[in-house]
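Listing of entry34.cif, mmCIF, N, CA, C and O atoms
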```cif
data_final
loop_
_atom_site.label_atom_id
_atom_site.label_comp_id
_atom_site.auth_asym_id
_atom_site.auth_seq_id
_atom_site.Cartn_x
_atom_site.Cartn_y
_atom_site.Cartn_z
N MET A 1088 70.42 -47.66 -16.35
CA MET A 1088 71.03 -47.80 -17.65
C MET A 1088 70.31 -48.86 -18.48
O MET A 1088 70.21 -48.74 -19.69
N ARG A 1089 69.79 -49.89 -17.80
CA ARG A 1089 69.06 -50.94 -18.54
C ARG A 1089 67.77 -50.40 -19.14
O ARG A 1089 67.42 -50.75 -20.26
N GLN A 1090 67.06 -49.56 -18.39
CA GLN A 1090 65.83 -48.96 -18.92
C GLN A 1090 66.14 -48.09 -20.13
O GLN A 1090 65.42 -48.11 -21.12
N ALA A 1091 67.20 -47.31 -20.03
CA ALA A 1091 67.58 -46.43 -21.14
C ALA A 1091 67.95 -47.26 -22.36
O ALA A 1091 67.57 -46.93 -23.49
N GLY A 1092 68.70 -48.33 -22.16
CA GLY A 1092 69.09 -49.19 -23.27
C GLY A 1092 67.90 -49.87 -23.93
O GLY A 1092 67.83 -49.98 -25.15
N ALA A 1093 66.96 -50.32 -23.10
CA ALA A 1093 65.77 -50.98 -23.64
C ALA A 1093 64.92 -50.00 -24.44
O ALA A 1093 64.42 -50.33 -25.52
N GLY A 1094 64.75 -48.80 -23.94
CA GLY A 1094 63.98 -47.80 -24.66
C GLY A 1094 64.66 -47.38 -25.95
O GLY A 1094 64.02 -47.21 -26.99
N ALA A 1095 65.98 -47.22 -25.89
CA ALA A 1095 66.74 -46.84 -27.09
C ALA A 1095 66.66 -47.95 -28.14
O ALA A 1095 66.56 -47.67 -29.34
N PHE A 1096 66.72 -49.20 -27.70
CA PHE A 1096 66.62 -50.31 -28.64
C PHE A 1096 65.29 -50.26 -29.39
O PHE A 1096 65.25 -50.42 -30.60
N LEU A 1097 64.21 -50.02 -28.66
CA LEU A 1097 62.90 -49.95 -29.30
C LEU A 1097 62.83 -48.79 -30.28
O LEU A 1097 62.32 -48.94 -31.39
N ASP A 1098 63.38 -47.64 -29.90
CA ASP A 1098 63.38 -46.49 -30.80
C ASP A 1098 64.17 -46.78 -32.08
O ASP A 1098 63.72 -46.47 -33.19
N VAL A 1099 65.35 -47.36 -31.93
CA VAL A 1099 66.19 -47.66 -33.09
C VAL A 1099 65.53 -48.72 -33.96
O VAL A 1099 65.58 -48.64 -35.19
N LEU A 1100 64.87 -49.67 -33.35
CA LEU A 1100 64.16 -50.70 -34.12
C LEU A 1100 63.05 -50.07 -34.95
O LEU A 1100 62.90 -50.37 -36.14
N ILE A 1101 62.29 -49.18 -34.36
CA ILE A 1101 61.20 -48.51 -35.08
C ILE A 1101 61.76 -47.66 -36.22
O ILE A 1101 61.24 -47.69 -37.34
N VAL A 1102 62.82 -46.90 -35.95
CA VAL A 1102 63.43 -46.07 -37.00
C VAL A 1102 63.96 -46.93 -38.14
O VAL A 1102 63.80 -46.59 -39.32
N THR A 1103 64.55 -48.07 -37.81
CA THR A 1103 65.08 -48.97 -38.83
C THR A 1103 63.96 -49.52 -39.71
O THR A 1103 64.10 -49.56 -40.94
N VAL A 1104 62.87 -49.93 -39.10
CA VAL A 1104 61.75 -50.47 -39.87
C VAL A 1104 61.14 -49.40 -40.77
O VAL A 1104 60.90 -49.64 -41.96
N VAL A 1105 60.91 -48.22 -40.22
CA VAL A 1105 60.32 -47.13 -41.01
C VAL A 1105 61.25 -46.73 -42.16
O VAL A 1105 60.80 -46.56 -43.30
N ALA A 1106 62.54 -46.59 -41.87
CA ALA A 1106 63.50 -46.22 -42.92
C ALA A 1106 63.58 -47.30 -43.99
O ALA A 1106 63.67 -46.99 -45.18
N SER A 1107 63.53 -48.56 -43.60
CA SER A 1107 63.57 -49.65 -44.57
C SER A 1107 62.35 -49.63 -45.49
O SER A 1107 62.47 -49.83 -46.70
N VAL A 1108 61.20 -49.37 -44.92
CA VAL A 1108 59.98 -49.31 -45.72
C VAL A 1108 60.04 -48.13 -46.70
O VAL A 1108 59.70 -48.26 -47.87
N VAL A 1109 60.49 -46.98 -46.20
CA VAL A 1109 60.60 -45.80 -47.06
C VAL A 1109 61.59 -46.05 -48.20
O VAL A 1109 61.32 -45.71 -49.36
N LEU A 1110 62.73 -46.66 -47.87
CA LEU A 1110 63.72 -46.94 -48.91
C LEU A 1110 63.21 -47.97 -49.91
O LEU A 1110 63.48 -47.88 -51.11
N ALA A 1111 62.46 -48.95 -49.44
CA ALA A 1111 61.93 -49.98 -50.33
C ALA A 1111 60.85 -49.41 -51.24
O ALA A 1111 60.82 -49.71 -52.44
N ILE A 1112 59.96 -48.61 -50.68
CA ILE A 1112 58.88 -48.04 -51.48
C ILE A 1112 59.42 -46.99 -52.45
O ILE A 1112 59.02 -46.94 -53.62
N GLY A 1113 60.32 -46.14 -51.97
CA GLY A 1113 60.86 -45.08 -52.81
C GLY A 1113 61.95 -45.55 -53.75
O GLY A 1113 62.37 -44.80 -54.63
N ARG A 1114 62.41 -46.78 -53.57
CA ARG A 1114 63.48 -47.36 -54.40
C ARG A 1114 64.72 -46.48 -54.41
O ARG A 1114 65.35 -46.26 -55.44
N PHE A 1115 65.05 -45.94 -53.21
CA PHE A 1115 66.26 -45.14 -53.07
C PHE A 1115 67.45 -46.07 -52.90
O PHE A 1115 67.33 -47.14 -52.32
N GLU A 1116 68.59 -45.65 -53.39
CA GLU A 1116 69.81 -46.41 -53.17
C GLU A 1116 70.73 -45.60 -52.27
O GLU A 1116 71.08 -44.47 -52.59
N VAL A 1117 71.08 -46.19 -51.15
CA VAL A 1117 71.91 -45.51 -50.17
C VAL A 1117 73.05 -46.45 -49.80
O VAL A 1117 72.84 -47.66 -49.64
N ALA A 1118 74.24 -45.90 -49.61
CA ALA A 1118 75.37 -46.71 -49.17
C ALA A 1118 75.12 -47.20 -47.74
O ALA A 1118 74.53 -46.49 -46.92
N ALA A 1119 75.56 -48.40 -47.44
CA ALA A 1119 75.26 -49.02 -46.16
C ALA A 1119 76.05 -48.39 -45.01
O ALA A 1119 75.52 -48.25 -43.90
N LEU A 1120 77.30 -48.02 -45.23
CA LEU A 1120 78.14 -47.53 -44.15
C LEU A 1120 77.59 -46.27 -43.48
O LEU A 1120 77.49 -46.22 -42.25
N PRO A 1121 77.18 -45.24 -44.22
CA PRO A 1121 76.62 -44.06 -43.56
C PRO A 1121 75.33 -44.37 -42.78
O PRO A 1121 75.09 -43.81 -41.72
N VAL A 1122 74.53 -45.27 -43.31
CA VAL A 1122 73.29 -45.64 -42.63
C VAL A 1122 73.59 -46.35 -41.32
O VAL A 1122 73.01 -46.05 -40.28
N LEU A 1123 74.53 -47.29 -41.35
CA LEU A 1123 74.90 -48.01 -40.13
C LEU A 1123 75.53 -47.08 -39.11
O LEU A 1123 75.24 -47.18 -37.91
N LEU A 1124 76.40 -46.18 -39.55
CA LEU A 1124 76.99 -45.22 -38.63
C LEU A 1124 75.93 -44.30 -38.04
O LEU A 1124 76.00 -43.93 -36.86
N GLY A 1125 74.96 -43.92 -38.83
CA GLY A 1125 73.85 -43.11 -38.33
C GLY A 1125 73.04 -43.85 -37.28
O GLY A 1125 72.65 -43.26 -36.27
N LEU A 1126 72.81 -45.14 -37.49
CA LEU A 1126 72.08 -45.93 -36.51
C LEU A 1126 72.85 -46.07 -35.20
O LEU A 1126 72.27 -46.01 -34.11
N VAL A 1127 74.16 -46.26 -35.31
CA VAL A 1127 74.99 -46.33 -34.10
C VAL A 1127 74.96 -45.01 -33.35
O VAL A 1127 74.81 -44.97 -32.13
N GLY A 1128 75.09 -43.91 -34.09
CA GLY A 1128 75.02 -42.59 -33.46
C GLY A 1128 73.66 -42.33 -32.83
O GLY A 1128 73.57 -41.80 -31.72
N LEU A 1129 72.61 -42.70 -33.55
CA LEU A 1129 71.26 -42.53 -33.01
C LEU A 1129 71.07 -43.31 -31.73
O LEU A 1129 70.52 -42.79 -30.76
N SER A 1130 71.54 -44.55 -31.71
CA SER A 1130 71.36 -45.36 -30.50
C SER A 1130 72.15 -44.80 -29.33
O SER A 1130 71.66 -44.80 -28.20
N ALA A 1131 73.35 -44.30 -29.57
CA ALA A 1131 74.15 -43.73 -28.49
C ALA A 1131 73.51 -42.46 -27.93
O ALA A 1131 73.40 -42.30 -26.71
N VAL A 1132 73.08 -41.58 -28.81
CA VAL A 1132 72.44 -40.34 -28.36
C VAL A 1132 71.12 -40.63 -27.66
O VAL A 1132 70.81 -40.06 -26.61
N ASP A 1133 70.34 -41.53 -28.23
CA ASP A 1133 69.04 -41.89 -27.65
C ASP A 1133 69.21 -42.49 -26.25
O ASP A 1133 68.52 -42.09 -25.31
N ALA A 1134 70.15 -43.42 -26.11
CA ALA A 1134 70.37 -44.05 -24.80
C ALA A 1134 70.87 -43.01 -23.79
O ALA A 1134 70.44 -43.01 -22.63
N GLY A 1135 71.74 -42.13 -24.22
CA GLY A 1135 72.23 -41.08 -23.32
C GLY A 1135 71.13 -40.14 -22.86
O GLY A 1135 71.04 -39.81 -21.67
N LEU A 1136 70.30 -39.70 -23.79
CA LEU A 1136 69.20 -38.80 -23.43
C LEU A 1136 68.19 -39.50 -22.52
O LEU A 1136 67.69 -38.89 -21.56
N ARG A 1137 67.89 -40.75 -22.81
CA ARG A 1137 66.97 -41.49 -21.96
C ARG A 1137 67.54 -41.67 -20.56
O ARG A 1137 66.83 -41.57 -19.58
N TYR A 1138 68.85 -41.95 -20.47
CA TYR A 1138 69.49 -42.13 -19.17
C TYR A 1138 69.40 -40.84 -18.36
O TYR A 1138 69.07 -40.87 -17.17
N VAL A 1139 69.69 -39.71 -18.99
CA VAL A 1139 69.61 -38.42 -18.29
C VAL A 1139 68.18 -38.15 -17.83
O VAL A 1139 67.96 -37.70 -16.70
N ALA A 1140 67.20 -38.43 -18.68
CA ALA A 1140 65.80 -38.19 -18.32
C ALA A 1140 65.36 -39.10 -17.17
O ALA A 1140 64.69 -38.64 -16.23
N ILE A 1141 65.74 -40.36 -17.22
CA ILE A 1141 65.37 -41.30 -16.15
C ILE A 1141 66.04 -40.90 -14.85
O ILE A 1141 65.42 -40.91 -13.78
N ARG A 1142 67.31 -40.53 -14.91
CA ARG A 1142 68.01 -40.12 -13.69
C ARG A 1142 67.43 -38.83 -13.12
O ARG A 1142 67.29 -38.70 -11.91
N HIS A 1143 67.06 -37.91 -14.00
CA HIS A 1143 66.46 -36.65 -13.54
C HIS A 1143 65.15 -36.91 -12.82
O HIS A 1143 64.87 -36.32 -11.78
N ARG A 1144 64.31 -37.80 -13.39
CA ARG A 1144 63.03 -38.15 -12.75
C ARG A 1144 63.25 -38.85 -11.41
O ARG A 1144 62.49 -38.67 -10.48
N ALA A 1145 64.29 -39.67 -11.32
CA ALA A 1145 64.54 -40.42 -10.10
C ALA A 1145 65.04 -39.51 -8.98
O ALA A 1145 64.80 -39.79 -7.80
N LEU A 1146 65.72 -38.43 -9.33
CA LEU A 1146 66.27 -37.53 -8.31
C LEU A 1146 65.26 -36.50 -7.84
O LEU A 1146 65.54 -35.78 -6.87
N LYS A 1147 64.13 -36.41 -8.46
CA LYS A 1147 63.10 -35.43 -8.04
C LYS A 1147 62.43 -35.86 -6.77
O LYS A 1147 62.25 -36.90 -6.37
#
```

Show how you would write the structure in this file as structure tokens.
Amino acid sequence: MRQAGAGAFLDVLIVTVVASVVLAIGRFEVAALPVLLGLVGLSAVDAGLRYVAIRHRALK
């Protein structure tokens, strides 16, 4: 679970930086709540998928 969490953190960090740059360059205005909820959802799904993949590799 720690490996999955660490990998998900890195993915979410990269997505956050890229999205921030795109929003800053494009001068888009987006409400904060949907973006934060999307990041929480992304991190949960990412960590879950990584956990399943790591566990699948470990059981082979």

Pick out the residues sitting within 12 Å of Thr1103 of chain A, and hand them over as a ChimeraX atom specification; count only C-alpha atoms, and ignore anything fewer than 3 positions along from it in its own chain. /A:1096-1100,1106-1111,1122-1123,1125-1127,1129-1130

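Taking atom N of Ile1112 of chain A and atom CA of Leu1124 of chain A as the two end points, the separation is 21.1 Å.
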
Please enumerate the residues selected by the PyMOL selection byres ((chain A and resi 1088) around 8) when evaluated against the supplied file, formatted as a PDB file with N, CA, C and O atoms, in the frame of the given file.
```pdb
ATOM      1  N   ARG A1089      69.790 -49.890 -17.800  1.00  0.00           N
ATOM      2  CA  ARG A1089      69.060 -50.940 -18.540  1.00  0.00           C
ATOM      3  C   ARG A1089      67.770 -50.400 -19.140  1.00  0.00           C
ATOM      4  O   ARG A1089      67.420 -50.750 -20.260  1.00  0.00           O
ATOM      5  N   GLN A1090      67.060 -49.560 -18.390  1.00  0.00           N
ATOM      6  CA  GLN A1090      65.830 -48.960 -18.920  1.00  0.00           C
ATOM      7  C   GLN A1090      66.140 -48.090 -20.130  1.00  0.00           C
ATOM      8  O   GLN A1090      65.420 -48.110 -21.120  1.00  0.00           O
ATOM      9  N   ALA A1091      67.200 -47.310 -20.030  1.00  0.00           N
ATOM     10  CA  ALA A1091      67.580 -46.430 -21.140  1.00  0.00           C
ATOM     11  C   ALA A1091      67.950 -47.260 -22.360  1.00  0.00           C
ATOM     12  O   ALA A1091      67.570 -46.930 -23.490  1.00  0.00           O
ATOM     13  N   GLY A1092      68.700 -48.330 -22.160  1.00  0.00           N
ATOM     14  CA  GLY A1092      69.090 -49.190 -23.270  1.00  0.00           C
ATOM     15  C   GLY A1092      67.900 -49.870 -23.930  1.00  0.00           C
ATOM     16  O   GLY A1092      67.830 -49.980 -25.150  1.00  0.00           O
ATOM     17  N   ALA A1093      66.960 -50.320 -23.100  1.00  0.00           N
ATOM     18  CA  ALA A1093      65.770 -50.980 -23.640  1.00  0.00           C
ATOM     19  C   ALA A1093      64.920 -50.000 -24.440  1.00  0.00           C
ATOM     20  O   ALA A1093      64.420 -50.330 -25.520  1.00  0.00           O
ATOM     21  N   GLY A1094      64.750 -48.800 -23.940  1.00  0.00           N
ATOM     22  CA  GLY A1094      63.980 -47.800 -24.660  1.00  0.00           C
ATOM     23  C   GLY A1094      64.660 -47.380 -25.950  1.00  0.00           C
ATOM     24  O   GLY A1094      64.020 -47.210 -26.990  1.00  0.00           O
ATOM     25  N   ALA A1095      65.980 -47.220 -25.890  1.00  0.00           N
ATOM     26  CA  ALA A1095      66.740 -46.840 -27.090  1.00  0.00           C
ATOM     27  C   ALA A1095      66.660 -47.950 -28.140  1.00  0.00           C
ATOM     28  O   ALA A1095      66.560 -47.670 -29.340  1.00  0.00           O
ATOM     29  N   ALA A1134      70.150 -43.420 -26.110  1.00  0.00           N
ATOM     30  CA  ALA A1134      70.370 -44.050 -24.800  1.00  0.00           C
ATOM     31  C   ALA A1134      70.870 -43.010 -23.790  1.00  0.00           C
ATOM     32  O   ALA A1134      70.440 -43.010 -22.630  1.00  0.00           O
ATOM     33  N   ARG A1137      67.890 -40.750 -22.810  1.00  0.00           N
ATOM     34  CA  ARG A1137      66.970 -41.490 -21.960  1.00  0.00           C
ATOM     35  C   ARG A1137      67.540 -41.670 -20.560  1.00  0.00           C
ATOM     36  O   ARG A1137      66.830 -41.570 -19.580  1.00  0.00           O
ATOM     37  N   TYR A1138      68.850 -41.950 -20.470  1.00  0.00           N
ATOM     38  CA  TYR A1138      69.490 -42.130 -19.170  1.00  0.00           C
ATOM     39  C   TYR A1138      69.400 -40.840 -18.360  1.00  0.00           C
ATOM     40  O   TYR A1138      69.070 -40.870 -17.170  1.00  0.00           O
ATOM     41  N   ARG A1142      67.310 -40.530 -14.910  1.00  0.00           N
ATOM     42  CA  ARG A1142      68.010 -40.120 -13.690  1.00  0.00           C
ATOM     43  C   ARG A1142      67.430 -38.830 -13.120  1.00  0.00           C
ATOM     44  O   ARG A1142      67.290 -38.700 -11.910  1.00  0.00           O
TER      45      ARG A1142
END
```

State, in Å with one decimal place, the distance from atom CA of Asp1133 of chain A to atom CA of Val1102 of chain A.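 Between atom CA of Asp1133 of chain A and atom CA of Val1102 of chain A the gap works out to 11.7 Å.
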
Quick check, in Å to one decimal: how far apart do atom O of Val1132 of chain A and atom N of Phe1115 of chain A lie? 27.8 Å

Is it possible to get the axis-aligned box enclosing segment 1107-1118 of chain A (all listed atoms, 6 Å extra per side) as lines of an AutoDock Vina configuration file, with centre and edge lengths in Å rounded to one decimal?
```
center_x = 67.1
center_y = -47.2
center_z = -49.5
size_x = 28.5
size_y = 17.5
size_z = 23.8
```
